[in-house]
file run.csv (CSV, C-alpha atoms)
chain,number,residue,atom,x,y,z
Q,1,MET,CA,-3.9,-7.0,-22.3
Q,2,ILE,CA,-5.2,-7.5,-18.8
Q,3,ALA,CA,-3.4,-10.1,-16.8
Q,4,PRO,CA,-5.7,-12.8,-15.3
Q,5,ALA,CA,-6.6,-12.4,-11.7
Q,6,ASP,CA,-4.7,-14.4,-9.1
Q,7,PRO,CA,-7.0,-17.3,-8.3
Q,8,GLY,CA,-5.7,-17.5,-4.8
Q,9,PRO,CA,-4.3,-20.4,-2.7
Q,10,THR,CA,-5.6,-23.9,-3.4
Q,11,LEU,CA,-4.0,-25.6,-0.4
Q,12,ALA,CA,-4.0,-24.5,3.3
Q,13,ILE,CA,-1.1,-25.8,5.4
Q,14,ILE,CA,-2.0,-25.8,9.1
Q,15,VAL,CA,0.7,-25.8,11.7
Q,16,LYS,CA,0.9,-25.2,15.4
Q,17,GLY,CA,3.3,-22.3,15.2
Q,18,TYR,CA,5.0,-20.4,12.3
Q,19,PRO,CA,7.9,-19.8,11.9
Q,20,ARG,CA,9.7,-22.1,14.3
Q,21,LEU,CA,13.4,-22.6,14.4
Q,22,SER,CA,12.9,-26.2,15.6
Q,23,GLU,CA,10.7,-27.2,12.6
Q,24,THR,CA,12.9,-26.6,9.6
Q,25,PHE,CA,11.6,-29.7,8.0
Q,26,ILE,CA,8.1,-28.1,7.7
Q,27,ALA,CA,9.5,-24.9,6.3
Q,28,GLN,CA,11.6,-26.7,3.7
Q,29,GLU,CA,8.5,-28.7,2.6
Q,30,ILE,CA,6.4,-25.6,2.2
Q,31,ALA,CA,9.2,-23.9,0.2
Q,32,ALA,CA,9.5,-27.0,-2.0
Q,33,PHE,CA,5.7,-27.0,-2.7
Q,34,GLU,CA,5.9,-23.4,-3.8
Q,35,ASP,CA,8.9,-24.1,-6.0
Q,36,ARG,CA,6.8,-26.7,-7.8
Q,37,GLY,CA,3.9,-24.3,-8.4
Q,38,LEU,CA,1.5,-25.0,-5.5
Q,39,ALA,CA,-0.5,-21.9,-4.4
Q,40,LEU,CA,-0.5,-22.0,-0.6
Q,41,MET,CA,-1.7,-20.3,2.5
Q,42,ILE,CA,-0.2,-21.0,5.9
Q,43,VAL,CA,-2.5,-21.2,9.0
Q,44,SER,CA,-0.8,-21.0,12.4
Q,45,LEU,CA,-2.5,-21.7,15.7
Q,46,ARG,CA,0.2,-19.6,17.5
Q,47,HIS,CA,2.1,-16.5,16.9
Q,48,PRO,CA,5.9,-16.6,16.6
Q,49,THR,CA,7.8,-16.8,19.9
Q,50,GLU,CA,11.3,-16.4,18.4
Q,51,SER,CA,12.9,-13.4,16.7
Q,52,LYS,CA,15.3,-15.4,14.5
Q,53,THR,CA,14.3,-17.3,11.4
Q,54,HIS,CA,16.1,-19.6,9.0
Q,55,PRO,CA,17.0,-18.7,5.3
Q,56,VAL,CA,14.3,-21.1,4.1
Q,57,HIS,CA,11.6,-18.9,5.8
Q,58,GLN,CA,12.7,-16.0,3.6
Q,59,ARG,CA,12.0,-18.1,0.5
Q,60,ILE,CA,8.4,-18.8,1.4
Q,61,ARG,CA,5.9,-16.3,-0.1
Q,62,ALA,CA,2.6,-17.8,1.1
Q,63,PRO,CA,0.4,-15.5,3.2
Q,64,VAL,CA,0.1,-16.5,6.9
Q,65,LEU,CA,-3.2,-16.5,8.8
Q,66,TYR,CA,-2.8,-16.4,12.5
Q,67,LEU,CA,-5.8,-17.8,14.4
Q,68,PRO,CA,-6.6,-16.4,17.9
Q,69,GLU,CA,-4.1,-18.1,20.2
Q,70,TYR,CA,-6.5,-17.7,23.1
Q,71,LEU,CA,-10.2,-17.1,22.5
Q,72,HIS,CA,-10.6,-14.4,25.2
Q,73,GLN,CA,-8.0,-12.2,23.4
Q,74,GLU,CA,-10.2,-11.9,20.3
Q,75,PRO,CA,-13.8,-12.7,21.3
Q,76,LEU,CA,-15.5,-10.6,18.6
Q,77,ARG,CA,-13.5,-12.4,15.9
Q,78,VAL,CA,-14.6,-15.7,17.3
Q,79,LEU,CA,-18.3,-14.6,17.6
Q,80,LYS,CA,-18.3,-13.1,14.1
Q,81,ALA,CA,-16.9,-16.4,12.7
Q,82,TRP,CA,-19.6,-18.5,14.6
Q,83,TRP,CA,-22.3,-16.2,13.3
Q,84,ALA,CA,-21.1,-16.6,9.7
Q,85,VAL,CA,-20.5,-20.4,9.6
Q,86,ARG,CA,-23.4,-21.6,11.9
Q,87,ARG,CA,-25.7,-22.1,8.9
Q,88,ARG,CA,-23.2,-24.0,6.7
Q,89,PRO,CA,-24.4,-27.5,5.9
Q,90,GLY,CA,-21.4,-29.1,7.7
Q,91,TYR,CA,-21.7,-27.0,10.9
Q,92,ARG,CA,-24.0,-29.3,12.9
Q,93,ALA,CA,-22.0,-32.4,12.2
Q,94,ALA,CA,-18.8,-30.6,13.2
Q,95,PHE,CA,-20.4,-29.3,16.4
Q,96,ARG,CA,-21.6,-32.8,17.3
Q,97,GLN,CA,-18.1,-34.2,16.7
Q,98,TRP,CA,-16.5,-31.5,18.8
Q,99,LEU,CA,-19.1,-32.1,21.6
Q,100,ALA,CA,-18.3,-35.8,21.6
Q,101,ASP,CA,-14.6,-35.0,21.7
Q,102,TRP,CA,-15.1,-32.5,24.6
Q,103,ARG,CA,-17.0,-35.1,26.6
Q,104,ARG,CA,-14.0,-37.4,26.5
Q,105,ASP,CA,-11.5,-34.5,26.9
Q,106,PRO,CA,-13.2,-31.7,28.8
Q,107,THR,CA,-10.3,-29.3,28.8
Q,108,PRO,CA,-9.9,-25.6,27.9
Q,109,ASN,CA,-7.6,-26.7,25.1
Q,110,ARG,CA,-10.4,-28.6,23.5
Q,111,GLY,CA,-12.7,-25.6,23.7
Q,112,ARG,CA,-9.9,-23.4,22.1
Q,113,ARG,CA,-9.6,-25.9,19.2
Q,114,TRP,CA,-13.3,-25.4,18.4
Q,115,GLY,CA,-13.1,-21.6,18.5
Q,116,GLN,CA,-10.0,-21.7,16.3
Q,117,ALA,CA,-11.8,-24.0,13.8
Q,118,LEU,CA,-14.7,-21.5,13.6
Q,119,VAL,CA,-12.4,-18.7,12.7
Q,120,LEU,CA,-10.5,-20.8,10.2
Q,121,ALA,CA,-13.7,-22.0,8.6
Q,122,HIS,CA,-14.8,-18.4,8.3
Q,123,GLU,CA,-11.6,-16.8,7.1
Q,124,LEU,CA,-10.2,-19.6,4.9
Q,125,ALA,CA,-9.7,-18.4,1.3
Q,126,ALA,CA,-12.6,-19.5,-0.9
Q,127,SER,CA,-10.1,-20.8,-3.4
Q,128,VAL,CA,-8.8,-23.5,-1.0
Q,129,LYS,CA,-9.6,-27.0,-2.2
Q,130,ALA,CA,-8.0,-29.0,0.6
Q,131,LEU,CA,-6.3,-28.8,4.0
Q,132,HIS,CA,-3.0,-30.4,5.0
Q,133,VAL,CA,-1.9,-30.3,8.6
Q,134,HIS,CA,1.3,-31.0,10.4
Q,135,PHE,CA,0.9,-32.9,13.7
Q,136,LEU,CA,-1.9,-35.2,14.5
Q,137,HIS,CA,-2.9,-33.7,17.9
Q,138,THR,CA,-4.1,-30.1,18.4
Q,139,PRO,CA,-3.5,-28.9,14.8
Q,140,ALA,CA,-5.4,-31.9,13.4
Q,141,SER,CA,-8.3,-31.3,15.6
Q,142,VAL,CA,-8.7,-27.7,14.3
Q,143,THR,CA,-8.2,-29.0,10.8
Q,144,ARG,CA,-10.8,-31.8,11.2
Q,145,TYR,CA,-13.5,-29.5,12.6
Q,146,THR,CA,-12.8,-26.9,9.8
Q,147,ALA,CA,-12.9,-29.6,7.1
Q,148,MET,CA,-16.3,-30.7,8.3
Q,149,ILE,CA,-17.7,-27.2,8.4
Q,150,ARG,CA,-16.4,-26.3,5.0
Q,151,ASP,CA,-16.8,-29.8,3.4
Q,152,LEU,CA,-13.2,-30.1,2.4
Q,153,PRO,CA,-10.8,-33.0,2.3
Q,154,TRP,CA,-7.9,-33.0,4.6
Q,155,SER,CA,-4.6,-34.9,5.0
Q,156,GLY,CA,-1.7,-34.7,7.4
Q,157,SER,CA,1.8,-35.4,8.4
Q,158,ALA,CA,2.4,-36.9,11.8
Q,159,HIS,CA,5.8,-36.6,13.4
Q,160,ALA,CA,6.7,-37.4,17.0
Q,161,LYS,CA,4.9,-36.3,20.2
Q,162,ASP,CA,1.6,-36.3,18.3
Q,163,VAL,CA,2.1,-40.0,17.3
Q,164,TRP,CA,2.8,-41.2,20.8
Q,165,THR,CA,0.7,-39.0,23.1
Q,166,THR,CA,-2.6,-38.7,21.2
Q,167,PRO,CA,-5.2,-41.0,22.8
Q,168,ALA,CA,-6.0,-44.2,20.9
Q,169,TRP,CA,-9.6,-43.2,20.4
Q,170,GLU,CA,-8.6,-39.9,18.9
Q,171,LEU,CA,-6.0,-41.5,16.6
Q,172,ARG,CA,-8.7,-44.0,15.3
Q,173,GLU,CA,-11.2,-41.3,14.6
Q,174,LYS,CA,-8.9,-38.8,12.9
Q,175,LEU,CA,-7.2,-41.5,10.8
Q,176,ALA,CA,-10.7,-42.7,9.7
Q,177,HIS,CA,-11.8,-39.2,8.7
Q,178,CYS,CA,-8.7,-37.9,6.9
Q,179,ARG,CA,-8.0,-38.8,3.3
Q,180,TRP,CA,-4.4,-39.9,4.0
Q,181,MET,CA,-1.6,-39.5,6.5
Q,182,VAL,CA,2.1,-39.7,6.2
Q,183,THR,CA,4.7,-40.0,9.0
Q,184,CYS,CA,8.4,-39.8,9.0
Q,185,THR,CA,9.5,-43.0,10.7
Q,186,ASP,CA,8.8,-46.6,10.2
Q,187,VAL,CA,8.1,-47.2,13.9
Q,188,GLY,CA,5.6,-44.4,13.9
Q,189,CYS,CA,4.0,-45.6,10.7
Q,190,ARG,CA,3.5,-49.1,12.2
Q,191,HIS,CA,2.0,-47.6,15.3
Q,192,LEU,CA,-0.5,-45.4,13.4
Q,193,ALA,CA,-1.4,-48.1,10.9
Q,194,ALA,CA,-2.6,-50.2,13.8
Q,195,HIS,CA,-5.2,-47.6,14.5
Q,196,ALA,CA,-6.1,-46.8,10.9
Q,197,PRO,CA,-8.0,-48.2,7.9
Q,198,ALA,CA,-5.9,-50.2,5.5
Q,199,ASN,CA,-3.4,-48.2,3.4
Q,200,ARG,CA,-4.4,-44.9,5.1
Q,201,VAL,CA,-0.9,-44.3,6.6
Q,202,GLU,CA,2.3,-44.1,4.6
Q,203,LEU,CA,6.0,-43.8,5.5
Q,204,VAL,CA,7.7,-40.7,4.0
Q,205,TYR,CA,11.0,-39.7,5.4
Q,206,HIS,CA,11.2,-35.9,5.4
Q,207,GLY,CA,15.0,-36.0,4.6
Q,208,LEU,CA,17.2,-33.0,4.1
Q,209,ASP,CA,17.0,-30.4,1.3
Q,210,LEU,CA,20.6,-30.9,0.4
Q,211,ALA,CA,20.5,-28.4,-2.4
Q,212,HIS,CA,20.1,-25.5,0.1
Q,213,LEU,CA,22.6,-26.7,2.7
Q,214,PRO,CA,26.2,-25.5,3.1
Q,215,ASP,CA,28.9,-27.6,1.5
Q,216,THR,CA,30.6,-30.1,3.7
Q,217,PRO,CA,33.4,-28.5,5.7
Q,218,PRO,CA,37.1,-29.5,5.2
Q,219,PRO,CA,38.4,-32.2,7.6
Q,220,HIS,CA,39.6,-31.2,11.0
Q,221,PRO,CA,43.1,-31.9,12.4
Q,222,PRO,CA,43.1,-35.2,14.2
Q,223,ARG,CA,42.2,-33.9,17.7
Q,224,ASP,CA,42.1,-36.6,20.3
Q,225,GLY,CA,41.7,-34.7,23.6
Q,226,SER,CA,45.2,-35.7,24.8
Q,227,ALA,CA,46.3,-32.1,25.3
Q,228,ALA,CA,44.9,-28.6,25.4
Q,229,ASP,CA,45.8,-27.9,21.8
Q,230,LYS,CA,44.0,-31.1,20.8
Q,231,SER,CA,40.8,-30.4,22.7
Q,232,VAL,CA,37.7,-32.0,21.1
Q,233,THR,CA,34.5,-30.0,20.6
Q,234,ILE,CA,31.3,-31.9,21.3
Q,235,LEU,CA,28.1,-30.5,19.9
Q,236,SER,CA,24.4,-31.1,20.7
Q,237,VAL,CA,21.5,-29.3,19.1
Q,238,GLY,CA,17.9,-29.6,20.4
Q,239,ARG,CA,15.3,-28.0,22.6
Q,240,ARG,CA,16.0,-28.1,26.3
Q,241,VAL,CA,13.2,-30.5,27.0
Q,242,GLU,CA,13.0,-33.8,28.8
Q,243,LYS,CA,12.9,-36.1,25.7
Q,244,LYS,CA,16.2,-34.7,24.4
Q,245,GLY,CA,18.1,-36.1,27.4
Q,246,ILE,CA,20.5,-33.2,27.8
Q,247,ASP,CA,20.9,-34.0,31.5
Q,248,ASP,CA,22.0,-37.5,30.5
Q,249,VAL,CA,24.7,-35.9,28.3
Q,250,LEU,CA,25.9,-33.7,31.2
Q,251,SER,CA,26.1,-36.7,33.5
Q,252,ALA,CA,28.0,-38.6,30.8
Q,253,LEU,CA,30.5,-35.8,30.3
Q,254,ALA,CA,31.1,-35.7,34.1
Q,255,LEU,CA,32.2,-39.4,33.9
Q,256,LEU,CA,34.9,-38.8,31.3
Q,257,PRO,CA,38.5,-39.2,32.4
Q,258,ARG,CA,39.7,-36.0,33.9
Q,259,GLU,CA,42.8,-35.9,31.7
Q,260,LEU,CA,40.7,-35.6,28.5
Q,261,HIS,CA,40.4,-32.1,27.0
Q,262,TRP,CA,37.0,-31.3,25.6
Q,263,GLU,CA,34.3,-28.6,25.3
Q,264,PHE,CA,30.6,-29.1,25.1
Q,265,ASN,CA,28.5,-26.7,23.0
Q,266,HIS,CA,24.7,-26.8,23.1
Q,267,ILE,CA,22.3,-25.0,20.7
Q,268,GLY,CA,18.6,-24.7,21.5
Q,269,GLY,CA,16.0,-23.0,23.6
Q,270,GLY,CA,13.6,-24.5,26.1
Q,271,GLY,CA,12.4,-24.4,29.7
Q,272,LEU,CA,15.1,-26.6,31.2
Q,273,GLY,CA,17.9,-24.2,30.6
Q,274,ASP,CA,18.4,-23.0,34.1
Q,275,ALA,CA,18.2,-26.5,35.6
Q,276,LEU,CA,20.7,-27.8,33.1
Q,277,LYS,CA,23.2,-25.0,33.8
Q,278,ALA,CA,22.8,-25.7,37.6
Q,279,GLN,CA,23.4,-29.4,36.9
Q,280,ALA,CA,26.6,-28.6,35.0
Q,281,ARG,CA,27.8,-26.5,38.0
Q,282,ARG,CA,27.0,-29.3,40.5
Q,283,LEU,CA,29.0,-31.8,38.3
Q,284,GLY,CA,32.0,-29.5,38.1
Q,285,ILE,CA,31.9,-29.2,34.3
Q,286,ALA,CA,30.3,-25.8,33.9
Q,287,GLU,CA,33.5,-24.1,32.7
Q,288,ARG,CA,33.5,-26.6,29.8
Q,289,CYS,CA,29.9,-26.1,28.7
Q,290,VAL,CA,28.8,-23.3,26.4
Q,291,TRP,CA,25.0,-22.6,26.0
Q,292,HIS,CA,24.1,-20.8,22.8
Q,293,GLY,CA,20.3,-20.8,23.0
Q,294,ALA,CA,18.1,-20.9,20.0
Q,295,GLN,CA,19.9,-20.0,16.8
Q,296,ALA,CA,19.3,-19.5,13.1
Q,297,GLN,CA,20.4,-22.1,10.6
Q,298,GLN,CA,23.7,-20.5,9.6
Q,299,PHE,CA,24.9,-20.4,13.2
Q,300,VAL,CA,24.0,-24.1,13.6
Q,301,PHE,CA,25.9,-25.1,10.4
Q,302,ASP,CA,28.9,-23.1,11.5
Q,303,ALA,CA,28.8,-25.0,14.7
Q,304,TYR,CA,28.6,-28.3,12.9
Q,305,ALA,CA,31.7,-27.2,10.9
Q,306,ASP,CA,33.6,-26.4,14.1
Q,307,ALA,CA,32.6,-29.5,16.0
Q,308,ASP,CA,34.4,-32.9,16.2
Q,309,LEU,CA,31.5,-35.1,17.2
Q,310,PHE,CA,27.7,-34.8,17.7
Q,311,VAL,CA,25.7,-36.1,20.7
Q,312,LEU,CA,21.9,-36.5,21.0
Q,313,ALA,CA,20.7,-38.5,24.0
Q,314,SER,CA,17.0,-38.9,23.1
Q,315,ARG,CA,14.8,-40.8,25.4
Q,316,ILE,CA,11.1,-41.3,26.1
Q,317,ALA,CA,9.7,-38.6,28.4
Q,318,GLY,CA,7.4,-39.3,31.3
Q,319,ASP,CA,4.3,-38.3,29.3
Q,320,GLY,CA,5.3,-40.7,26.5
Q,321,ASP,CA,6.7,-37.9,24.3
Q,322,ARG,CA,9.7,-38.9,22.2
Q,323,ASP,CA,11.6,-37.9,19.1
Q,324,GLY,CA,10.7,-39.2,15.6
Q,325,LEU,CA,13.7,-39.0,13.4
Q,326,PRO,CA,15.6,-35.9,14.6
Q,327,ASN,CA,16.6,-33.6,11.7
Q,328,VAL,CA,19.7,-32.5,13.6
Q,329,LEU,CA,21.2,-36.0,13.3
Q,330,MET,CA,20.8,-35.9,9.6
Q,331,GLU,CA,22.1,-32.4,9.4
Q,332,ALA,CA,25.2,-33.4,11.5
Q,333,GLN,CA,25.8,-36.4,9.3
Q,334,SER,CA,25.5,-34.3,6.2
Q,335,GLN,CA,28.4,-32.3,7.5
Q,336,LEU,CA,30.6,-35.4,8.1
Q,337,LEU,CA,30.1,-35.4,11.9
Q,338,ALA,CA,30.3,-38.7,13.7
Q,339,CYS,CA,27.2,-39.1,15.9
Q,340,VAL,CA,26.5,-40.7,19.2
Q,341,SER,CA,22.8,-41.2,20.0
Q,342,THR,CA,20.4,-43.6,21.6
Q,343,LYS,CA,18.2,-46.6,20.5
Q,344,VAL,CA,15.0,-44.7,20.7
Q,345,SER,CA,12.1,-44.4,18.2
Q,346,ALA,CA,13.4,-44.1,14.6
Q,347,ILE,CA,17.1,-43.2,15.3
Q,348,PRO,CA,18.2,-46.8,14.5
Q,349,GLU,CA,16.5,-46.3,11.1
Q,350,LEU,CA,19.1,-43.7,10.4
Q,351,ILE,CA,22.2,-44.8,12.4
Q,352,GLU,CA,23.6,-48.4,12.4
Q,353,ASP,CA,25.6,-48.9,15.6
Q,354,GLY,CA,29.3,-49.1,14.7
Q,355,GLU,CA,28.8,-48.5,11.0
Q,356,SER,CA,27.4,-45.0,10.6
Q,357,GLY,CA,27.5,-43.8,14.3
Q,358,LEU,CA,27.4,-45.1,17.8
Q,359,LEU,CA,24.1,-46.0,19.6
Q,360,VAL,CA,23.6,-46.6,23.3
Q,361,PRO,CA,20.6,-47.4,25.4
Q,362,PRO,CA,18.5,-44.4,26.5
Q,363,SER,CA,18.9,-42.9,30.0
Q,364,ASP,CA,22.3,-44.6,30.4
Q,365,PRO,CA,25.0,-42.0,31.1
Q,366,PRO,CA,27.8,-44.6,31.8
Q,367,ALA,CA,27.2,-46.2,28.3
Q,368,LEU,CA,27.0,-42.7,26.8
Q,369,ALA,CA,30.2,-41.7,28.4
Q,370,LYS,CA,32.0,-44.8,27.0
Q,371,ALA,CA,30.8,-44.0,23.5
Q,372,ILE,CA,31.8,-40.3,23.7
Q,373,GLU,CA,35.2,-41.2,25.2
Q,374,ARG,CA,35.8,-43.8,22.4
Q,375,LEU,CA,35.1,-41.1,19.7
Q,376,ILE,CA,37.2,-38.5,21.5
Q,377,ARG,CA,40.2,-40.7,21.6
Q,378,ASP,CA,39.9,-42.1,18.0
Q,379,PRO,CA,39.8,-39.4,15.3
Q,380,ALA,CA,40.1,-42.1,12.6
Q,381,LEU,CA,36.9,-43.8,13.8
Q,382,ARG,CA,35.1,-40.4,13.8
Q,383,ALA,CA,36.2,-39.8,10.2
Q,384,ARG,CA,35.0,-43.3,9.1
Q,385,LEU,CA,31.6,-43.0,10.9
Q,386,GLY,CA,31.1,-39.4,9.7
Q,387,GLN,CA,31.7,-40.4,6.1
Q,388,ARG,CA,29.4,-43.4,6.2
Q,389,GLY,CA,26.7,-41.3,7.9
Q,390,HIS,CA,27.1,-38.6,5.2
Q,391,ASP,CA,26.7,-41.2,2.4
Q,392,ILE,CA,23.6,-42.8,4.0
Q,393,VAL,CA,21.8,-39.5,4.4
Q,394,ARG,CA,22.4,-38.7,0.7
Q,395,GLN,CA,21.5,-42.2,-0.5
Q,396,ARG,CA,18.5,-43.2,1.6
Q,397,PHE,CA,17.0,-40.0,3.0
Q,398,SER,CA,16.1,-38.1,-0.2
Q,399,PHE,CA,14.1,-35.0,0.4
Q,400,GLU,CA,13.2,-34.8,-3.3
Q,401,ALA,CA,11.7,-38.3,-3.4
Q,402,GLY,CA,9.5,-37.5,-0.4
Q,403,ILE,CA,8.3,-34.3,-1.9
Q,404,GLU,CA,7.3,-35.9,-5.1
Q,405,ARG,CA,5.3,-38.5,-3.3
Q,406,LEU,CA,3.4,-35.8,-1.4
Q,407,LEU,CA,2.8,-33.7,-4.5
Q,408,ALA,CA,1.2,-36.7,-6.2
Q,409,ARG,CA,-1.5,-36.7,-3.5
Q,410,LEU,CA,-2.1,-32.9,-3.2
Q,411,PRO,CA,-4.6,-30.8,-5.2
Q,412,ARG,CA,-3.2,-28.5,-7.9
call {"tool": "encode", "arguments": {"input": "run.csv", "output": "structure tokens"}}
result
Amino acid sequence: MIAPADPGPTLAIIVKGYPRLSETFIAQEIAAFEDRGLALMIVSLRHPTESKTHPVHQRIRAPVLYLPEYLHQEPLRVLKAWWAVRRRPGYRAAFRQWLADWRRDPTPNRGRRWGQALVLAHELAASVKALHVHFLHTPASVTRYTAMIRDLPWSGSAHAKDVWTTPAWELREKLAHCRWMVTCTDVGCRHLAAHAPANRVELVYHGLDLAHLPDTPPPHPPRDGSAADKSVTILSVGRRVEKKGIDDVLSALALLPRELHWEFNHIGGGGLGDALKAQARRLGIAERCVWHGAQAQQFVFDAYADADLFVLASRIAGDGDRDGLPNVLMEAQSQLLACVSTKVSAIPELIEDGESGLLVPPSDPPALAKAIERLIRDPALRARLGQRGHDIVRQRFSFEAGIERLLARLPR
């Protein structure tokens, strides 16, 4: 008996880059979709820039289509795509939309989005019934133009920078055109809903896929920084970019009493690495700081297990960029780590100050230093906050519940 032919993917997932170490939440969502029987293809606007991957990337079987990152690198591919799609019924409307967008945003990036959309419209598998995009800025532009050319419905997930830095006119038009949009924070949901038709935007916390995370580590000895053999390990995980406030963490660490024994470990890549290391030297704390760079998930979870407390000093960057609900905070709490963070964006939706962690104002190193010192000196408080944070992540931030809500909306 001849087996039926593979019908091909029915849903295309469009992302800015794949795979990315900093976007585990996207990869775990894709893997969960596949586990539940969705036939997928992944479309990436950029090629990988990191050699490491997480275990979840190895579980994903979907083919990946890489669009031309810069149009001048593959001009014949773009020209071939334009020639093939120019007579499609939706082409003229898509071109008029792009032209209107370009007049309001006459940048090379806007032109690149059109070229990528042409290629995607041409090379998209014929079996695809719908498009789903992560991030409402550049990837959603490519998705929207493609959907118009191919006459396909599209939906999306908005997260952080895209929510807060996309111009209002663009938010309104994209949210009016898509079928539905989810976002992972209540504060972001309210912001987008103010620019959208009624019931177009829904809150869905992305949560953690706890079934594929390591077990919680055994408790540490009660280290309190009072001696070299009781030195406290402070961990932070995040890209070395402005909104993560790593410079605020260094400034806070420099304010700690000199008699305290501690070590600071940072995991993450990013363009501010040299500046941060220079700052640590100026502050006289460089010998206590260890910079690990971008790392795969196992390394990160080993670091959670070794640490005594976790710090993330998120803030609003000069261009308006900010975190949504950082996955690393949920990861740290899942491993029983007490967390110190800031009252920015959706972080207070996860952490209640004094109950499941400590929160301080953003861009306030003295307040951050006091919170860190408090947790260094009080192992019992760390244990209590860590346990409460662990319980909240498991009770309120269910990855499974969010996936089921998305699946109910997606084509099969």
call {"tool": "closest_residue", "arguments": {"input": "run.csv", "among": "Q:Ile149, Q:Val119, Q:Val128, Q:Ala32", "to": "Gly90 in chain Q", "atoms": "only C-alpha atoms"}}
result
Q:Ile149
call {"tool": "closest_residue", "arguments": {"input": "run.csv", "among": "Q:Ala193, Q:Leu208, Q:Ile13, Q:Val232", "to": "Gly156 in chain Q", "atoms": "only C-alpha atoms"}}
result
Q:Ile13
call {"tool": "atom_distance", "arguments": {"input": "run.csv", "atom1": "CA of Ile285 in chain Q", "atom2": "CA of Gln297 in chain Q"}}
result
27.3 Å
call {"tool": "atom_distance", "arguments": {"input": "run.csv", "atom1": "CA of Ile347 in chain Q", "atom2": "CA of Asp323 in chain Q"}}
result
8.5 Å
call {"tool": "atom_distance", "arguments": {"input": "run.csv", "atom1": "CA of Arg239 in chain Q", "atom2": "CA of Glu287 in chain Q"}}
result
21.2 Å
call {"tool": "residues_around", "arguments": {"input": "run.csv", "residues": "Val300 in chain Q", "least_positions_apart": "3", "cutoff": "10 Å", "atoms": "only C-alpha atoms", "output": "list in words"}}
result
Leu235, Ser236, Val237, His266, Ile267, Gly268, His292, Ala294, Gln295, Ala296, Gln297, Ala303, Tyr304, Ala305, Asp306, Val328, Glu331 and Ala332 of chain Q
call {"tool": "write_last_selection", "arguments": {"input": "run.csv", "atoms": "C-alpha atoms", "output": "PDB file, keeping the file's coordinate frame"}}
result
ATOM      1  CA  LEU Q 235      28.100 -30.500  19.900  1.00  0.00           C
ATOM      2  CA  SER Q 236      24.400 -31.100  20.700  1.00  0.00           C
ATOM      3  CA  VAL Q 237      21.500 -29.300  19.100  1.00  0.00           C
ATOM      4  CA  HIS Q 266      24.700 -26.800  23.100  1.00  0.00           C
ATOM      5  CA  ILE Q 267      22.300 -25.000  20.700  1.00  0.00           C
ATOM      6  CA  GLY Q 268      18.600 -24.700  21.500  1.00  0.00           C
ATOM      7  CA  HIS Q 292      24.100 -20.800  22.800  1.00  0.00           C
ATOM      8  CA  ALA Q 294      18.100 -20.900  20.000  1.00  0.00           C
ATOM      9  CA  GLN Q 295      19.900 -20.000  16.800  1.00  0.00           C
ATOM     10  CA  ALA Q 296      19.300 -19.500  13.100  1.00  0.00           C
ATOM     11  CA  GLN Q 297      20.400 -22.100  10.600  1.00  0.00           C
ATOM     12  CA  ALA Q 303      28.800 -25.000  14.700  1.00  0.00           C
ATOM     13  CA  TYR Q 304      28.600 -28.300  12.900  1.00  0.00           C
ATOM     14  CA  ALA Q 305      31.700 -27.200  10.900  1.00  0.00           C
ATOM     15  CA  ASP Q 306      33.600 -26.400  14.100  1.00  0.00           C
ATOM     16  CA  VAL Q 328      19.700 -32.500  13.600  1.00  0.00           C
ATOM     17  CA  GLU Q 331      22.100 -32.400   9.400  1.00  0.00           C
ATOM     18  CA  ALA Q 332      25.200 -33.400  11.500  1.00  0.00           C
TER      19      ALA Q 332
END
call {"tool": "residues_around", "arguments": {"input": "run.csv", "residues": "Glu173 in chain Q", "least_positions_apart": "4", "cutoff": "9 Å", "atoms": "all atoms listed in the file", "output": "list in words"}}
result
Ala168, Trp169, His177, Cys178, His195 and Ala196 of chain Q
call {"tool": "write_last_selection", "arguments": {"input": "run.csv", "atoms": "C-alpha atoms", "output": "compact mmCIF listing (two decimals), in the frame of the given file"}}
result
# COMPACT_ATOMS: atom_id res chain seq x y z
CA ALA Q 168 -6.00 -44.20 20.90
CA TRP Q 169 -9.60 -43.20 20.40
CA HIS Q 177 -11.80 -39.20 8.70
CA CYS Q 178 -8.70 -37.90 6.90
CA HIS Q 195 -5.20 -47.60 14.50
CA ALA Q 196 -6.10 -46.80 10.90
call {"tool": "closest_residue", "arguments": {"input": "run.csv", "among": "Q:Met148, Q:Ile26, Q:Leu337, Q:Leu45", "to": "His220 in chain Q", "atoms": "all atoms listed in the file"}}
result
Q:Leu337
call {"tool": "closest_residue", "arguments": {"input": "run.csv", "among": "Q:Pro222, Q:Gly245, Q:Pro68, Q:Pro257", "to": "Pro361 in chain Q", "atoms": "all atoms listed in the file"}}
result
Q:Gly245
call {"tool": "residues_around", "arguments": {"input": "run.csv", "residues": "range 250-252 of chain Q", "least_positions_apart": "2", "cutoff": "8 Å", "atoms": "only C-alpha atoms", "output": "VMD selection string"}}
result
chain Q and resid 246 to 248 254 to 256 279 to 280 283 365 to 366 368 to 369
call {"tool": "residues_around", "arguments": {"input": "run.csv", "residues": "range 309-320 of chain Q", "least_positions_apart": "2", "cutoff": "6 Å", "atoms": "only C-alpha atoms", "output": "count of residues only"}}
result
17
call {"tool": "residues_around", "arguments": {"input": "run.csv", "residues": "range 389-406 of chain Q", "least_positions_apart": "6", "cutoff": "8 Å", "atoms": "only C-alpha atoms", "output": "JSON, numbers by chain"}}
result
{"Q": [29, 32, 33, 204, 205, 206, 207, 208, 209, 210, 330, 333, 334, 335, 336, 337, 338, 350, 351, 356, 357]}
call {"tool": "closest_residue", "arguments": {"input": "run.csv", "among": "Q:Thr143, Q:Gln97, Q:Asn327, Q:Thr233", "to": "Ser22 in chain Q", "atoms": "all atoms listed in the file"}}
result
Q:Asn327
